[in-house]
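Pasted below: model-v1.csv, CSV, C-alpha atoms.
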chain,number,residue,atom,x,y,z
A,4,MET,CA,19.4,23.9,44.9
A,5,ASN,CA,20.6,21.2,42.6
A,6,ALA,CA,24.2,21.3,41.4
A,7,GLY,CA,24.5,18.0,39.6
A,8,THR,CA,25.1,14.3,40.5
A,9,GLU,CA,28.2,12.6,41.6
A,10,TRP,CA,29.0,8.9,41.5
A,11,LEU,CA,31.3,7.6,44.1
A,12,VAL,CA,32.6,4.2,43.0
A,13,ASP,CA,34.8,2.0,45.3
A,14,ALA,CA,36.2,-1.2,43.9
A,15,GLU,CA,37.8,-3.7,46.3
A,16,GLY,CA,39.8,-6.9,45.7
A,17,CYS,CA,41.2,-5.6,42.4
A,18,SER,CA,44.3,-7.1,40.8
A,19,ALA,CA,47.3,-5.2,42.1
A,20,GLU,CA,49.0,-5.6,38.7
A,21,LEU,CA,46.0,-4.2,36.8
A,22,ILE,CA,45.5,-1.1,39.0
A,23,ARG,CA,49.1,-0.1,38.7
A,24,ASP,CA,49.0,-0.4,34.9
A,25,SER,CA,48.5,3.0,33.4
A,26,GLN,CA,47.4,1.6,30.1
A,27,VAL,CA,44.6,-0.5,31.7
A,28,LEU,CA,43.4,2.6,33.6
A,29,ARG,CA,43.7,4.8,30.5
A,30,ILE,CA,41.6,2.4,28.5
A,31,LEU,CA,39.0,2.3,31.3
A,32,CYS,CA,38.8,6.1,31.6
A,33,GLU,CA,38.5,6.5,27.9
A,34,GLU,CA,35.7,4.0,27.8
A,35,ILE,CA,33.8,5.9,30.6
A,36,ILE,CA,34.3,9.2,28.7
A,37,ALA,CA,33.2,7.8,25.4
A,38,LYS,CA,30.2,5.8,26.7
A,39,LEU,CA,28.9,8.8,28.7
A,40,ASP,CA,29.7,11.3,25.9
A,41,LEU,CA,31.8,13.4,28.3
A,42,ARG,CA,34.0,16.2,27.0
A,43,VAL,CA,37.5,16.5,28.4
A,44,VAL,CA,38.8,20.1,28.8
A,45,GLY,CA,42.6,20.5,28.5
A,46,GLU,CA,45.1,17.8,29.4
A,47,PRO,CA,44.3,15.2,32.1
A,48,THR,CA,46.7,15.1,35.0
A,49,TRP,CA,48.0,11.7,36.0
A,50,HIS,CA,50.5,10.8,38.7
A,51,ARG,CA,52.2,7.6,39.6
A,52,PHE,CA,53.1,7.2,43.3
A,53,PRO,CA,56.2,5.2,44.2
A,54,THR,CA,55.9,1.5,44.8
A,55,PRO,CA,53.8,0.1,46.4
A,56,GLY,CA,51.6,3.1,45.7
A,57,GLY,CA,49.2,3.4,42.7
A,58,ILE,CA,48.1,6.0,40.2
A,59,THR,CA,45.9,9.1,40.5
A,60,GLY,CA,44.2,10.6,37.5
A,61,LEU,CA,42.1,13.8,37.2
A,62,TYR,CA,40.1,14.8,34.2
A,63,LEU,CA,38.5,18.3,34.0
A,64,LEU,CA,35.2,17.8,32.1
A,65,SER,CA,32.8,20.4,30.6
A,66,GLU,CA,30.3,18.3,32.7
A,67,SER,CA,32.5,18.7,35.9
A,68,HIS,CA,35.1,16.0,36.6
A,69,LEU,CA,36.3,12.4,36.6
A,70,THR,CA,39.0,11.4,39.1
A,71,PHE,CA,40.4,8.1,40.2
A,72,HIS,CA,42.9,6.7,42.7
A,73,THR,CA,44.3,3.2,42.9
A,74,PHE,CA,45.9,1.5,45.9
A,75,PRO,CA,47.6,-1.7,44.7
A,76,GLU,CA,48.8,-2.4,48.2
A,77,THR,CA,45.2,-3.0,49.3
A,78,GLY,CA,43.6,-3.8,45.9
A,79,VAL,CA,41.3,-0.8,46.0
A,80,ALA,CA,40.4,1.6,43.2
A,81,THR,CA,38.1,4.6,43.7
A,82,PHE,CA,36.4,6.7,41.1
A,83,ASN,CA,34.5,10.0,41.3
A,84,LEU,CA,32.4,11.1,38.4
A,85,TYR,CA,30.7,14.5,38.9
A,86,CYS,CA,28.3,15.6,36.2
A,87,CYS,CA,26.3,18.9,36.3
A,88,ARG,CA,24.2,17.7,33.4
A,89,PRO,CA,22.2,14.5,32.8
A,90,ARG,CA,24.2,11.5,31.9
A,91,PRO,CA,23.1,7.9,31.2
A,92,PRO,CA,24.2,5.3,33.8
A,93,PHE,CA,27.6,3.5,33.4
A,94,SER,CA,28.0,-0.2,34.1
A,95,TRP,CA,30.5,0.4,36.9
A,96,GLU,CA,30.1,-3.0,38.6
A,97,GLN,CA,30.4,-5.0,35.4
A,98,ARG,CA,33.2,-3.1,33.9
A,99,LEU,CA,35.4,-2.9,37.0
A,100,ARG,CA,34.9,-6.6,37.7
A,101,GLU,CA,36.0,-7.3,34.1
A,102,GLN,CA,38.7,-4.7,33.7
A,103,LEU,CA,40.3,-4.6,37.1
A,104,ARG,CA,39.2,-8.0,38.4
A,105,ALA,CA,37.3,-6.3,41.3
A,106,ALA,CA,35.7,-8.6,43.8
A,107,LYS,CA,33.3,-6.0,45.1
A,108,VAL,CA,32.0,-2.7,43.6
A,109,VAL,CA,30.0,-0.2,45.6
A,110,VAL,CA,28.4,2.7,43.7
A,111,ARG,CA,27.0,5.6,45.6
A,112,THR,CA,25.1,8.4,43.9
A,113,VAL,CA,25.1,11.8,45.6
A,114,ASP,CA,23.0,14.8,44.6
A,115,ARG,CA,25.2,17.8,44.9
A,116,GLY,CA,23.7,21.0,46.3
A,117,SER,CA,21.2,18.9,48.3
A,118,GLU,CA,21.5,16.2,51.0
A,119,VAL,CA,20.5,13.1,49.2
A,120,VAL,CA,22.7,10.0,49.0
A,121,GLN,CA,21.6,6.8,47.3
A,122,LEU,CA,23.5,3.6,47.6
A,123,ASP,CA,23.8,1.2,44.7
A,124,LEU,CA,21.3,3.0,42.5
A,125,PRO,CA,21.8,4.4,39.1
A,126,GLY,CA,21.9,8.2,39.0
A,127,ASN,CA,18.8,10.3,38.7
A,128,THR,CA,18.9,11.6,35.1
A,129,ASP,CA,16.4,14.4,35.7
A,130,ARG,CA,19.0,17.0,36.4
A,131,THR,CA,19.0,20.7,35.5
A,132,SER,CA,20.9,21.2,32.3
A,133,LEU,CA,23.8,23.6,32.6
A,134,ASP,CA,25.3,23.8,29.2
A,135,PRO,CA,28.7,25.3,29.5
A,136,GLY,CA,29.0,26.2,25.8
A,137,THR,CA,32.4,27.6,24.9
A,138,SER,CA,34.9,28.1,27.6
A,139,GLU,CA,38.5,28.9,28.4
A,140,ILE,CA,41.4,27.3,30.4
A,141,ILE,CA,42.6,29.7,33.1
A,142,PRO,CA,46.4,30.0,33.0
A,143,MET,CA,47.7,29.5,36.6
A,144,ARG,CA,49.7,32.6,36.3
A,145,GLU,CA,46.5,34.5,36.0
A,146,VAL,CA,45.2,32.7,39.0
A,147,SER,CA,48.2,32.7,41.2
A,148,GLY,CA,50.5,35.3,39.8
A,149,LEU,CA,49.3,38.4,41.7
B,25,MET,CA,38.7,-1.9,53.2
B,26,ASN,CA,39.4,1.7,54.0
B,27,ALA,CA,40.7,4.0,51.2
B,28,GLY,CA,40.5,7.4,52.8
B,29,THR,CA,37.9,10.0,53.6
B,30,GLU,CA,36.2,12.5,51.3
B,31,TRP,CA,34.5,15.7,52.3
B,32,LEU,CA,31.6,16.8,50.0
B,33,VAL,CA,30.9,20.4,50.7
B,34,ASP,CA,28.0,22.2,49.0
B,35,ALA,CA,27.6,26.0,49.6
B,36,GLU,CA,24.4,27.7,48.5
B,37,GLY,CA,23.3,31.3,48.4
B,38,CYS,CA,26.9,32.5,47.5
B,39,SER,CA,27.7,35.8,46.0
B,40,ALA,CA,27.7,35.4,42.2
B,41,GLU,CA,30.4,38.0,41.9
B,42,LEU,CA,32.7,36.2,44.5
B,43,ILE,CA,32.3,32.7,43.0
B,44,ARG,CA,33.2,33.9,39.5
B,45,ASP,CA,36.3,35.6,40.9
B,46,SER,CA,39.4,33.4,40.3
B,47,GLN,CA,41.4,35.4,42.9
B,48,VAL,CA,38.9,34.8,45.6
B,49,LEU,CA,38.8,31.1,44.8
B,50,ARG,CA,42.5,30.9,44.6
B,51,ILE,CA,43.0,32.4,48.0
B,52,LEU,CA,40.4,30.0,49.4
B,53,CYS,CA,42.0,26.9,47.9
B,54,GLU,CA,45.4,28.0,49.1
B,55,GLU,CA,44.0,28.5,52.6
B,56,ILE,CA,42.6,25.0,52.6
B,57,ILE,CA,45.8,23.5,51.3
B,58,ALA,CA,47.9,25.4,53.9
B,59,LYS,CA,45.6,24.8,56.9
B,60,LEU,CA,45.4,21.1,56.2
B,61,ASP,CA,49.1,20.8,55.2
B,62,LEU,CA,48.2,19.3,51.9
B,63,ARG,CA,50.9,18.8,49.2
B,64,VAL,CA,50.0,19.8,45.6
B,65,VAL,CA,51.5,17.6,42.9
B,66,GLY,CA,52.2,19.3,39.6
B,67,GLU,CA,50.2,22.3,38.3
B,68,PRO,CA,46.5,22.7,39.3
B,69,THR,CA,44.1,22.8,36.4
B,70,TRP,CA,41.5,25.6,36.3
B,71,HIS,CA,38.9,26.4,33.8
B,72,ARG,CA,36.5,29.3,33.4
B,73,PHE,CA,33.2,28.5,31.7
B,74,PRO,CA,31.6,31.3,29.6
B,75,THR,CA,29.1,33.7,31.3
B,76,PRO,CA,26.9,32.9,33.2
B,77,GLY,CA,29.0,29.9,34.0
B,78,GLY,CA,31.6,29.6,36.8
B,79,ILE,CA,35.0,28.2,37.4
B,80,THR,CA,36.2,24.6,37.9
B,81,GLY,CA,39.5,23.8,39.6
B,82,LEU,CA,41.3,20.5,40.2
B,83,TYR,CA,44.3,20.0,42.4
B,84,LEU,CA,46.1,16.6,42.4
B,85,LEU,CA,47.4,16.1,45.9
B,86,SER,CA,49.8,13.6,47.4
B,87,GLU,CA,46.9,13.0,49.8
B,88,SER,CA,44.5,12.5,46.8
B,89,HIS,CA,42.6,15.5,45.4
B,90,LEU,CA,40.8,18.8,45.9
B,91,THR,CA,38.3,19.9,43.4
B,92,PHE,CA,35.7,22.7,43.1
B,93,HIS,CA,33.0,23.9,40.8
B,94,THR,CA,31.1,27.2,41.0
B,95,PHE,CA,27.8,28.1,39.5
B,96,PRO,CA,27.2,31.8,39.7
B,97,GLU,CA,23.9,31.5,37.9
B,98,THR,CA,22.5,29.6,40.9
B,99,GLY,CA,24.8,30.9,43.7
B,100,VAL,CA,26.2,27.4,44.3
B,101,ALA,CA,29.9,26.3,45.0
B,102,THR,CA,30.8,22.7,45.5
B,103,PHE,CA,34.0,21.3,46.8
B,104,ASN,CA,35.5,17.8,47.1
B,105,LEU,CA,38.4,17.0,49.3
B,106,TYR,CA,39.6,13.4,49.2
B,107,CYS,CA,42.4,12.5,51.6
B,108,CYS,CA,43.9,9.0,51.9
B,109,ARG,CA,45.7,10.1,55.0
B,110,PRO,CA,44.4,11.6,58.3
B,111,ARG,CA,43.8,15.4,58.1
B,112,PRO,CA,42.5,17.8,60.7
B,113,PRO,CA,39.0,19.2,60.1
B,114,PHE,CA,38.6,22.4,58.1
B,115,SER,CA,36.1,25.2,59.1
B,116,TRP,CA,34.2,24.8,55.9
B,117,GLU,CA,31.0,26.4,57.1
B,118,GLN,CA,32.6,29.4,58.7
B,119,ARG,CA,35.1,30.1,55.9
B,120,LEU,CA,32.6,29.6,53.0
B,121,ARG,CA,30.1,31.9,54.8
B,122,GLU,CA,32.9,34.5,55.2
B,123,GLN,CA,34.7,34.1,51.9
B,124,LEU,CA,31.9,33.4,49.5
B,125,ARG,CA,28.9,34.9,51.5
B,126,ALA,CA,27.3,31.4,51.5
B,127,ALA,CA,23.9,31.4,53.1
B,128,LYS,CA,24.0,27.6,53.7
B,129,VAL,CA,26.8,25.1,53.8
B,130,VAL,CA,26.3,21.3,53.9
B,131,VAL,CA,29.4,19.2,54.7
B,132,ARG,CA,29.1,15.4,54.1
B,133,THR,CA,31.9,13.1,55.1
B,134,VAL,CA,32.2,9.8,53.1
B,135,ASP,CA,34.5,6.9,54.0
B,136,ARG,CA,35.9,5.6,50.7
B,137,GLY,CA,36.3,1.9,50.3
B,138,SER,CA,33.4,1.4,52.7
B,139,GLU,CA,29.7,2.4,52.8
B,140,VAL,CA,29.6,5.0,55.5
B,141,VAL,CA,28.3,8.5,54.9
B,142,GLN,CA,28.0,11.1,57.7
B,143,LEU,CA,26.2,14.4,57.3
B,144,ASP,CA,27.5,17.6,58.9
B,145,LEU,CA,30.1,15.9,61.0
B,146,PRO,CA,33.9,16.5,61.0
B,147,GLY,CA,35.9,13.8,59.3
B,148,ASN,CA,37.1,10.7,61.1
B,149,THR,CA,40.8,11.3,61.6
B,150,ASP,CA,41.6,7.7,62.5
B,151,ARG,CA,42.5,6.7,58.9
B,152,THR,CA,45.1,4.3,57.7
B,153,SER,CA,48.2,6.2,56.8
B,154,LEU,CA,49.4,5.7,53.2
B,155,ASP,CA,52.4,7.8,52.9
B,156,PRO,CA,53.1,8.2,49.2
B,157,GLY,CA,56.8,9.2,49.7
B,158,THR,CA,58.5,10.4,46.5
B,159,SER,CA,56.5,10.1,43.3
B,160,GLU,CA,56.4,11.1,39.6
B,161,ILE,CA,54.0,12.8,37.2
B,162,ILE,CA,53.0,10.6,34.3
B,163,PRO,CA,53.4,12.3,31.0
B,164,MET,CA,50.1,11.8,29.1
B,165,ARG,CA,52.1,10.6,26.1
B,166,GLU,CA,53.2,7.6,28.2
B,167,VAL,CA,49.6,7.0,29.2
B,168,SER,CA,47.9,7.6,25.8
B,169,GLY,CA,50.7,7.1,23.4
B,170,LEU,CA,50.5,3.4,22.6
Kindly present the structure from the file in structure tokens form.
Amino acid sequence: MNAGTEWLVDAEGCSAELIRDSQVLRILCEEIIAKLDLRVVGEPTWHRFPTPGGITGLYLLSESHLTFHTFPETGVATFNLYCCRPRPPFSWEQRLREQLRAAKVVVRTVDRGSEVVQLDLPGNTDRTSLDPGTSEIIPMREVSGL
Amino acid sequence: MNAGTEWLVDAEGCSAELIRDSQVLRILCEEIIAKLDLRVVGEPTWHRFPTPGGITGLYLLSESHLTFHTFPETGVATFNLYCCRPRPPFSWEQRLREQLRAAKVVVRTVDRGSEVVQLDLPGNTDRTSLDPGTSEIIPMREVSGL
């Protein structure tokens, strides 16, 4: 049963300065969202860990989610983009080399709801369309307040 | 360069009623968080898509993230647990069969920052420890308010 496609993107050898810079990461995330025509639901959650740690960001999308974690202490930045609907490929390798000075970028594409993993291949765009239409944020008090 | 371990968990044949029930999903997420001694940073973000859609939840963790998406229309629930520090294994198959009535559960373990994918194996617990210590939420106005 297909439940969408996830891109697991690991960038190594990044500039420590760039991957602890929230503006650099914000611009990159906004580029991904705009280029792939993703729709952000609610407010993204970002968190800066204390030095020498990096930044984590989570975006809830109507297509599923975009998350990233940066590790300036090792020069690593990792991204997950999970889409339950077809999306065009993003130029992960080129843009992470340009924006974060990554020396190496590995992109893995995983079909969710099945057991297929592809390495360094653009995502299969023949996915089942699950248009979420209109939707609602669940207040956490509804979820956790019993 | 190791950047943690991610568990990709896909459950099929779930009860549509159970995977559109925010209380059931809340209890399950809280069990995962408690059993693995994870620390939630800030408020989780949950979203309910319109019928026949399901629920998405994102938790920012000091260990990285926990996310899930449910698709009642196809009986599928998918989970991602990304930990940049060693965690014990969780009984995904047993608990998703019990809690969501899943007929099939596939657990894939992915080493981030490397190219290793393991299918249906518990996670490697010999990870580099990256203790985040104290930390701060980044207000989005700082991130996006140039």
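The smallest atom-to-atom distance between A:Gly7 and any of B:Tyr106, B:Phe114, B:Phe95, B:Trp70, using all atoms listed in the file, is found for B:Phe95.
One finds atom CA of B:Ile57 at 21.0 Å from atom CA of A:Pro47.
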With a distance cut-off of 9 Å and all atoms listed in the file, select the neighbouring residues of A:Asp13, excluding the residue or stretch itself and same-chain residues fewer than 5 positions from it, and output the selection as a list of chain:residue names.
->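 With the cut-off at 9 Å, the set is A:Val79, A:Ala80, A:Thr81, A:Phe82, A:Asn83, A:Lys107, A:Val108, A:Val109, A:Val110, A:Arg111, B:Ala27, B:Arg136, B:Gly137, B:Ser138.
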Spatial neighbours of stretch 123-125 of chain B, 6 Å, all atoms listed in the file, chain gap at least 3 places, as JSON, numbers by chain | {"B": [38, 39, 42, 119, 120]}
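From atom CA of A:Glu66 back to atom CA of A:Leu41, the distance works out to 6.8 Å.
Going from atom CA of A:Thr73 over to atom CA of A:Arg23, you cover 7.2 Å.
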Point out the residue among B:Cys107, B:Val64, B:Leu82, B:Cys53 with the least atom-to-atom distance to chain A, counting only C-alpha atoms.
->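 With only C-alpha atoms as the atom set, the closest residue is B:Leu82.
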With all atoms listed in the file as the atoms that count, which of A:Ala106, A:Leu69, A:Leu63, A:Leu39 lies nearest to chain B?
-> A:Leu63
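Counting all atoms listed in the file and comparing B:Pro76, B:Pro113, B:Gly81, B:Gly37, the residue that lies closest to B:Asp61 is B:Pro113.
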Using only C-alpha atoms, the shortest atom-to-atom distance to chain B among A:Phe52, A:Tyr62, A:Phe71, A:Trp95 belongs to A:Phe52
Taking only C-alpha atoms into account, which of B:Ile51, B:Gly78, B:His71, B:Ala40 comes nearest chain A?
->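 Under the stated criterion, the closest residue is B:His71.
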